[in-house]
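*Asks:* This is the content of input_1.cif (mmCIF, C-alpha atoms and all ligand atoms):
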```cif
data_structure
loop_
_atom_site.group_PDB
_atom_site.id
_atom_site.type_symbol
_atom_site.label_atom_id
_atom_site.label_comp_id
_atom_site.auth_asym_id
_atom_site.auth_seq_id
_atom_site.Cartn_x
_atom_site.Cartn_y
_atom_site.Cartn_z
ATOM 1 C CA MET A 1 -45.637 -50.097 161.016
ATOM 2 C CA ALA A 2 -47.070 -52.609 163.496
ATOM 3 C CA ASP A 3 -46.446 -55.331 160.898
ATOM 4 C CA ALA A 4 -42.790 -54.342 160.594
ATOM 5 C CA ARG A 5 -42.380 -54.417 164.372
ATOM 6 C CA LEU A 6 -44.089 -57.798 164.547
ATOM 7 C CA ALA A 7 -41.859 -59.152 161.762
ATOM 8 C CA LEU A 8 -38.767 -57.884 163.553
ATOM 9 C CA ALA A 9 -39.928 -59.357 166.855
ATOM 10 C CA SER A 10 -40.650 -62.753 165.328
ATOM 11 C CA LEU A 11 -37.289 -62.707 163.529
ATOM 12 C CA PHE A 12 -35.599 -62.052 166.865
ATOM 13 C CA VAL A 13 -37.559 -64.871 168.522
ATOM 14 C CA SER A 14 -36.666 -67.307 165.732
ATOM 15 C CA ILE A 15 -32.967 -66.408 165.985
ATOM 16 C CA LEU A 16 -33.185 -66.933 169.741
ATOM 17 C CA MET A 17 -34.861 -70.318 169.267
ATOM 18 C CA LEU A 18 -32.321 -71.312 166.638
ATOM 19 C CA SER A 19 -29.449 -70.399 168.924
ATOM 20 C CA MET A 20 -30.974 -72.449 171.752
ATOM 21 C CA ALA A 21 -31.720 -75.489 169.614
ATOM 22 C CA HIS A 22 -28.489 -75.473 167.617
ATOM 23 C CA PRO A 23 -25.195 -75.401 169.475
ATOM 24 C CA PHE A 24 -23.556 -74.130 166.235
ATOM 25 C CA PHE A 25 -25.276 -70.758 166.675
ATOM 26 C CA ALA A 26 -24.202 -70.291 170.287
ATOM 27 C CA CYS A 27 -20.997 -68.304 170.859
ATOM 28 C CA PRO A 28 -19.331 -69.532 174.030
ATOM 29 C CA THR A 29 -16.388 -67.446 175.196
ATOM 30 C CA ARG A 30 -13.180 -69.357 174.744
ATOM 31 C CA CYS A 31 -10.411 -69.303 177.346
ATOM 32 C CA GLU A 32 -6.914 -70.327 176.388
ATOM 33 C CA SER A 33 -3.569 -70.737 178.070
ATOM 34 C CA GLU A 34 -0.208 -69.834 176.586
ATOM 35 C CA ILE A 35 2.663 -72.291 176.587
ATOM 36 C CA LYS A 36 6.257 -71.339 175.793
ATOM 37 C CA MET A 37 8.813 -74.134 175.747
ATOM 38 C CA GLN A 38 12.214 -74.841 174.295
ATOM 39 C CA MET A 39 13.553 -78.170 173.040
ATOM 40 C CA TYR A 40 15.838 -79.630 170.372
ATOM 41 C CA LEU A 41 15.145 -81.699 167.270
ATOM 42 C CA HIS A 42 17.784 -84.272 166.361
ATOM 43 C CA GLN A 43 17.977 -85.255 162.688
ATOM 44 C CA VAL A 44 20.371 -88.055 161.756
ATOM 45 C CA VAL A 45 20.748 -88.161 157.964
ATOM 46 C CA SER A 46 23.255 -90.991 157.636
ATOM 47 C CA GLY A 47 25.079 -93.659 159.634
ATOM 48 C CA PRO A 48 23.834 -96.609 161.696
ATOM 49 C CA THR A 49 21.474 -94.478 163.850
ATOM 50 C CA HIS A 50 19.917 -92.540 160.933
ATOM 51 C CA ASN A 51 16.313 -91.566 161.669
ATOM 52 C CA GLN A 52 15.142 -90.657 158.191
ATOM 53 C CA GLU A 53 14.738 -92.554 154.916
ATOM 54 C CA VAL A 54 14.414 -91.304 151.341
ATOM 55 C CA VAL A 55 11.138 -92.734 149.986
ATOM 56 C CA PHE A 56 11.283 -90.976 146.624
ATOM 57 C CA LYS A 57 14.538 -90.039 144.950
ATOM 58 C CA SER A 58 14.257 -87.341 142.301
ATOM 59 C CA THR A 59 16.577 -86.148 139.538
ATOM 60 C CA PRO A 60 19.907 -84.696 140.775
ATOM 61 C CA THR A 61 20.730 -81.023 141.462
ATOM 62 C CA ILE A 62 17.589 -79.516 143.028
ATOM 63 C CA GLU A 63 15.808 -82.905 143.409
ATOM 64 C CA PHE A 64 12.283 -81.509 143.032
ATOM 65 C CA GLY A 65 9.860 -84.015 144.571
ATOM 66 C CA ARG A 66 12.416 -85.819 146.735
ATOM 67 C CA THR A 67 10.466 -87.197 149.691
ATOM 68 C CA VAL A 68 11.842 -88.230 153.049
ATOM 69 C CA ALA A 69 10.069 -90.050 155.893
ATOM 70 C CA PHE A 70 11.463 -89.251 159.329
ATOM 71 C CA ASP A 71 11.205 -90.216 162.986
ATOM 72 C CA TYR A 72 13.374 -87.529 164.633
ATOM 73 C CA THR A 73 13.911 -87.288 168.379
ATOM 74 C CA LEU A 74 12.940 -84.290 170.521
ATOM 75 C CA LEU A 75 15.595 -83.680 173.169
ATOM 76 C CA ASP A 76 16.059 -81.485 176.236
ATOM 77 C CA ALA A 77 19.551 -80.447 175.084
ATOM 78 C CA PRO A 78 21.535 -80.388 171.788
ATOM 79 C CA THR A 79 23.813 -83.265 172.838
ATOM 80 C CA PRO A 80 23.987 -87.024 172.090
ATOM 81 C CA ASP A 81 23.342 -87.931 175.765
ATOM 82 C CA ALA A 82 20.300 -85.611 176.138
ATOM 83 C CA LYS A 83 17.003 -86.895 177.498
ATOM 84 C CA ILE A 84 14.377 -87.842 174.868
ATOM 85 C CA ILE A 85 11.197 -85.787 175.397
ATOM 86 C CA GLY A 86 9.322 -87.178 172.423
ATOM 87 C CA ARG A 87 9.491 -87.731 168.672
ATOM 88 C CA ALA A 88 8.681 -85.828 165.494
ATOM 89 C CA LYS A 89 7.215 -88.212 162.914
ATOM 90 C CA GLY A 90 6.331 -87.217 159.366
ATOM 91 C CA THR A 91 7.678 -86.364 155.955
ATOM 92 C CA HIS A 92 9.385 -83.581 154.089
ATOM 93 C CA VAL A 93 9.197 -82.986 150.359
ATOM 94 C CA GLN A 94 11.503 -80.892 148.187
ATOM 95 C CA ALA A 95 8.749 -78.578 146.916
ATOM 96 C CA ASP A 96 10.691 -75.743 145.292
ATOM 97 C CA GLN A 97 11.371 -75.851 141.529
ATOM 98 C CA VAL A 98 14.255 -73.379 141.646
ATOM 99 C CA ASN A 99 16.146 -73.718 144.920
ATOM 100 C CA ALA A 100 16.262 -76.161 147.792
ATOM 101 C CA GLY A 101 12.980 -75.832 149.721
ATOM 102 C CA ASP A 102 11.665 -78.628 151.887
ATOM 103 C CA PHE A 103 8.036 -78.623 152.952
ATOM 104 C CA SER A 104 7.506 -80.612 156.175
ATOM 105 C CA HIS A 105 4.462 -81.864 157.950
ATOM 106 C CA PHE A 106 4.633 -84.001 161.048
ATOM 107 C CA SER A 107 3.271 -84.888 164.486
ATOM 108 C CA MET A 108 5.274 -84.020 167.593
ATOM 109 C CA ILE A 109 4.433 -86.800 170.038
ATOM 110 C CA PHE A 110 5.503 -86.218 173.638
ATOM 111 C CA GLN A 111 6.521 -89.230 175.716
ATOM 112 C CA GLN A 112 7.864 -87.594 178.909
ATOM 113 C CA GLY A 113 6.447 -85.300 181.584
ATOM 114 C CA ARG A 114 3.181 -83.397 181.695
ATOM 115 C CA PHE A 115 2.395 -83.753 177.967
ATOM 116 C CA THR A 116 3.020 -87.516 177.662
ATOM 117 C CA GLY A 117 0.697 -88.862 174.970
ATOM 118 C CA SER A 118 -0.209 -85.391 173.695
ATOM 119 C CA THR A 119 0.721 -84.080 170.277
ATOM 120 C CA PHE A 120 1.246 -80.963 168.213
ATOM 121 C CA GLN A 121 0.465 -81.122 164.485
ATOM 122 C CA VAL A 122 3.081 -79.041 162.677
ATOM 123 C CA MET A 123 3.727 -77.869 159.112
ATOM 124 C CA GLY A 124 5.761 -75.411 157.064
ATOM 125 C CA MET A 125 8.845 -74.793 154.953
ATOM 126 C CA THR A 126 12.060 -76.054 156.487
ATOM 127 C CA PRO A 127 15.179 -74.013 155.776
ATOM 128 C CA PRO A 128 18.033 -74.253 158.356
ATOM 129 C CA ASN A 129 16.408 -71.391 160.334
ATOM 130 C CA GLY A 130 12.727 -70.534 160.080
ATOM 131 C CA VAL A 131 9.240 -70.861 161.533
ATOM 132 C CA TRP A 132 6.670 -73.644 161.438
ATOM 133 C CA ALA A 133 2.974 -73.337 162.216
ATOM 134 C CA ILE A 134 1.295 -75.434 164.888
ATOM 135 C CA VAL A 135 -2.059 -76.121 163.272
ATOM 136 C CA GLY A 136 -3.525 -78.386 165.912
ATOM 137 C CA GLY A 137 -2.942 -80.804 168.730
ATOM 138 C CA THR A 138 -4.463 -83.633 170.736
ATOM 139 C CA ASN A 139 -5.126 -84.637 174.366
ATOM 140 C CA GLU A 140 -3.566 -82.051 176.750
ATOM 141 C CA LEU A 141 -2.669 -79.976 173.694
ATOM 142 C CA ALA A 142 -6.053 -80.390 171.955
ATOM 143 C CA MET A 143 -6.825 -77.718 169.334
ATOM 144 C CA ALA A 144 -3.486 -75.972 169.844
ATOM 145 C CA GLN A 145 -2.428 -73.083 167.628
ATOM 146 C CA GLY A 146 0.998 -71.532 167.573
ATOM 147 C CA ILE A 147 4.409 -71.203 166.007
ATOM 148 C CA ILE A 148 7.767 -72.907 166.344
ATOM 149 C CA GLN A 149 10.829 -70.764 165.705
ATOM 150 C CA PHE A 150 13.723 -73.034 164.790
ATOM 151 C CA ALA A 151 17.431 -72.749 164.053
ATOM 152 C CA ILE A 152 20.228 -75.261 163.543
ATOM 153 C CA VAL A 153 22.545 -74.797 166.510
ATOM 154 C CA LYS A 154 24.873 -77.751 165.956
ATOM 155 C CA GLY A 155 25.598 -80.392 163.341
ATOM 156 C CA THR A 156 27.506 -81.645 160.325
ATOM 157 C CA PRO A 157 25.929 -81.204 156.860
ATOM 158 C CA ASN A 158 24.605 -84.495 155.411
ATOM 159 C CA VAL A 159 25.311 -86.310 158.687
ATOM 160 C CA GLU A 160 23.203 -84.823 161.489
ATOM 161 C CA SER A 161 21.731 -81.605 162.864
ATOM 162 C CA TYR A 162 20.365 -80.275 166.148
ATOM 163 C CA ARG A 163 17.645 -77.650 165.739
ATOM 164 C CA GLU A 164 16.671 -75.443 168.643
ATOM 165 C CA LEU A 165 12.862 -75.121 168.806
ATOM 166 C CA ASN A 166 11.198 -72.192 170.574
ATOM 167 C CA ILE A 167 7.532 -73.108 170.820
ATOM 168 C CA THR A 168 4.774 -70.575 171.509
ATOM 169 C CA ALA A 169 1.317 -72.114 171.572
ATOM 170 C CA PHE A 170 -2.175 -71.268 172.712
ATOM 171 C CA ILE A 171 -4.223 -74.132 174.092
ATOM 172 C CA PRO A 172 -7.978 -73.597 174.472
ATOM 173 C CA THR A 173 -9.222 -74.792 177.850
ATOM 174 C CA VAL A 174 -12.068 -76.838 176.428
ATOM 175 C CA SER A 175 -13.683 -79.773 178.088
ATOM 176 C CA ILE A 176 -13.679 -82.758 175.772
ATOM 177 C CA ALA A 177 -14.830 -85.221 178.447
ATOM 178 C CA THR A 178 -18.182 -83.530 179.083
ATOM 179 C CA GLY A 179 -20.956 -82.448 176.713
ATOM 180 C CA SER A 180 -22.885 -84.707 174.397
ATOM 181 C CA PHE A 181 -22.524 -85.285 170.682
ATOM 182 C CA VAL A 182 -25.476 -84.624 168.397
ATOM 183 C CA GLN A 183 -26.183 -86.902 165.420
ATOM 184 C CA TYR A 184 -25.202 -85.319 162.102
ATOM 185 C CA PHE A 185 -28.763 -84.942 160.751
ATOM 186 C CA ASP A 186 -30.023 -83.447 164.054
ATOM 187 C CA ILE A 187 -27.761 -80.400 163.804
HETATM 188 C C1 LIG B 1 14.956 -69.017 171.475
HETATM 189 O O1 LIG B 1 14.814 -68.077 172.499
HETATM 190 C C2 LIG B 1 16.036 -67.659 173.076
HETATM 191 C C3 LIG B 1 15.678 -66.715 174.176
HETATM 192 O O2 LIG B 1 15.034 -67.392 175.219
HETATM 193 C C4 LIG B 1 16.923 -67.038 172.034
HETATM 194 O O3 LIG B 1 18.170 -66.694 172.593
HETATM 195 C C5 LIG B 1 17.136 -68.001 170.879
HETATM 196 O O4 LIG B 1 17.859 -67.379 169.840
HETATM 197 C C6 LIG B 1 15.802 -68.468 170.355
HETATM 198 N N1 LIG B 1 15.999 -69.503 169.345
HETATM 199 C C7 LIG B 1 15.304 -69.556 168.215
HETATM 200 C C8 LIG B 1 15.555 -70.724 167.356
HETATM 201 O O5 LIG B 1 14.487 -68.713 167.901
#
```
Translate this structure into structure tokens?

*Replies:*
Amino acid sequence: MADARLALASLFVSILMLSMAHPFFACPTRCESEIKMQMYLHQVVSGPTHNQEVVFKSTPTIEFGRTVAFDYTLLDAPTPDAKIIGRAKGTHVQADQVNAGDFSHFSMIFQQGRFTGSTFQVMGMTPPNGVWAIVGGTNELAMAQGIIQFAIVKGTPNVESYRELNITAFIPTVSIATGSFVQYFDI
């Protein structure tokens, strides 16, 4: 009986010591702030100002595997004279063997206002209307998680499109500037 109590007590003490020595075992509470913003994504498929390029052309009809590199603009309005907020840089791949179904992954890089230099990392299927996942971010948007609801609100097929983006993201209020880094083998 005494042995069992002693074993339990020493187990507790070792867990306590482990949690003090190893930051991985500590569970800090995480605060986060919610951001909701709206903007527009301008895709120009063809013409002198096109902002995408086919890097792999597949067989006609459904074009499975067709890959496109893009550098789309993020705008404050769905109009040609709108202000550029940032850019969406990445690729989309026709990844559906039956129907059209583009899979996109890209970085949204902000170049105006409060989030200048910060990014969202985004991925998901890209029908005309749908939802992407925000799987991460950097700088002011470090470790972001969220969704982007999107819908084409203006455009001409095979020429250009304006997608409205409704962004809902949670940004943990972590301090990246403070705290020290432990060498890999010391963890
Ligand atoms: C974005 O939100 C507005 C409401 O603020 C709504 O009217 C609009 O349909 C939404 N757009 C998308 C693409 O979800």

*Asks:* Which residues of chain A come within 10 Å of ligand LIG 1 (chain B), and what is each one's closest atom pair and distance in Å (one decimal), counting only C-alpha atoms and all ligand atoms, sorted by chain and residue number, as CSV?

*Replies:*
```
residue,atom,partner,partner_atom,distance
A:Lys36,CA,B:LIG1,O2,9.6
A:Met37,CA,B:LIG1,C1,9.1
A:Gln38,CA,B:LIG1,C1,7.0
A:Met39,CA,B:LIG1,C1,9.4
A:Tyr40,CA,B:LIG1,C8,9.4
A:Pro128,CA,B:LIG1,C8,10.0
A:Asn129,CA,B:LIG1,C8,7.1
A:Gly130,CA,B:LIG1,C8,7.8
A:Val131,CA,B:LIG1,O5,8.5
A:Ile148,CA,B:LIG1,O5,8.1
A:Gln149,CA,B:LIG1,O5,4.7
A:Phe150,CA,B:LIG1,C8,3.9
A:Ala151,CA,B:LIG1,C8,4.3
A:Ile152,CA,B:LIG1,C8,7.5
A:Val153,CA,B:LIG1,C8,8.1
A:Arg163,CA,B:LIG1,C8,7.4
A:Glu164,CA,B:LIG1,C8,5.0
A:Leu165,CA,B:LIG1,C8,5.4
A:Asn166,CA,B:LIG1,C1,5.0
A:Ile167,CA,B:LIG1,C1,8.5
```

*Asks:* For a test of reading the model, state the distance in Å between atom CA of A:Ile171 and atom CA of A:Thr126, rounded to one decimal.

*Replies:*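 Here the two named atoms are 24.1 Å from each other.
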
*Asks:* Residues near A:Lys83, anyone? I mean within 12 Å using only C-alpha atoms, not counting same-chain ones fewer than 4 positions away, as a ChimeraX atom specification.

*Replies:* /A:39-42,73-79,87,111-113

*Asks:* For A:Ile109, work out the shell of residues within 8 Å, counting all atoms listed in the file and skipping chain neighbours fewer than 4 positions away, then give it as a list in words.

*Replies:* Gly86, Arg87, Ala88, Lys89, Thr116, Gly117, Ser118, Thr119 and Phe120 of chain A

*Asks:* As a list in words, please: the residues near A:Ala144 (cut-off 6 Å, all atoms listed in the file, same-chain neighbours under 6 positions excluded).

*Replies:*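 Contacts, with the query itself left out: Gly136, Gly137, Phe170 and Ile171 of chain A.
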
*Asks:* Please determine, counting only C-alpha atoms, which residue among A:Ser104, A:Gln94, A:Asn158, A:Ser180 has the shortest atom-to-atom distance to A:Phe56.

*Replies:*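 Once distances to A:Phe56 are computed over only C-alpha atoms, the minimum belongs to A:Gln94.
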
*Asks:* Between atom CA of A:Glu63 and atom CA of A:Val135, what is the spacing in Å?

*Replies:* 27.6 Å

*Asks:* How many Å lie between atom CA of A:Asn139 and atom CA of A:Ala69, rounded to one decimal?

*Replies:*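 Distance reported for this atom pair: 24.5 Å.
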
*Asks:* Would you translate the PyMOL selection byres (((chain A and resi 100) around 9) and not hetatm) into the concrete set of residues it matches in this file, as a list in words?

*Replies:* Ile62, Glu63, Phe64, Gln94, Ala95, Asp96, Gln97, Val98, Asn99, Gly101, Asp102 and Pro127 of chain A

*Asks:* Emit the selected residues as a CSV table (one decimal), keeping the file's coordinate frame, including C-alpha atoms.

*Replies:*
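Wrote out_21.csv, looks like this:
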```
chain,number,residue,atom,x,y,z
A,62,ILE,CA,17.6,-79.5,143.0
A,63,GLU,CA,15.8,-82.9,143.4
A,64,PHE,CA,12.3,-81.5,143.0
A,94,GLN,CA,11.5,-80.9,148.2
A,95,ALA,CA,8.7,-78.6,146.9
A,96,ASP,CA,10.7,-75.7,145.3
A,97,GLN,CA,11.4,-75.9,141.5
A,98,VAL,CA,14.3,-73.4,141.6
A,99,ASN,CA,16.1,-73.7,144.9
A,101,GLY,CA,13.0,-75.8,149.7
A,102,ASP,CA,11.7,-78.6,151.9
A,127,PRO,CA,15.2,-74.0,155.8
```

*Asks:* Written as a ChimeraX atom specification, which residues does the PyMOL selection byres (((chain A and resi 133) around 8) and not hetatm) give for the file shown?

*Replies:* /A:122-124,131-132,134-135,145-148

*Asks:* Nearest residue to A:Glu32 out of A:Val68, A:Ile187, A:Thr173, A:Gly179, using all atoms listed in the file?

*Replies:*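 Nearest candidate to A:Glu32 out of A:Val68, A:Ile187, A:Thr173, A:Gly179: A:Thr173.
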
*Asks:* With all atoms listed in the file as the basis for distance, which of A:Val93, A:Ile176, A:Ile85, A:Val54 is at the shortest distance from A:Glu140?

*Replies:* A:Ile176

*Asks:* Write out as number ranges by chain the residues lying within 9 Å of A:Val44, counting all atoms listed in the file and excluding same-chain residues fewer than 5 positions away.

*Replies:* A: 49-52, 72, 158-162

*Asks:* With C-alpha atoms retained, export the selected residues as a PDB file, in the frame of the given file.

*Replies:*
```pdb
ATOM      1  CA  THR A  49      21.474 -94.478 163.850  1.00  0.00           C
ATOM      2  CA  HIS A  50      19.917 -92.540 160.933  1.00  0.00           C
ATOM      3  CA  ASN A  51      16.313 -91.566 161.669  1.00  0.00           C
ATOM      4  CA  GLN A  52      15.142 -90.657 158.191  1.00  0.00           C
ATOM      5  CA  TYR A  72      13.374 -87.529 164.633  1.00  0.00           C
ATOM      6  CA  ASN A 158      24.605 -84.495 155.411  1.00  0.00           C
ATOM      7  CA  VAL A 159      25.311 -86.310 158.687  1.00  0.00           C
ATOM      8  CA  GLU A 160      23.203 -84.823 161.489  1.00  0.00           C
ATOM      9  CA  SER A 161      21.731 -81.605 162.864  1.00  0.00           C
ATOM     10  CA  TYR A 162      20.365 -80.275 166.148  1.00  0.00           C
TER      11      TYR A 162
END
```
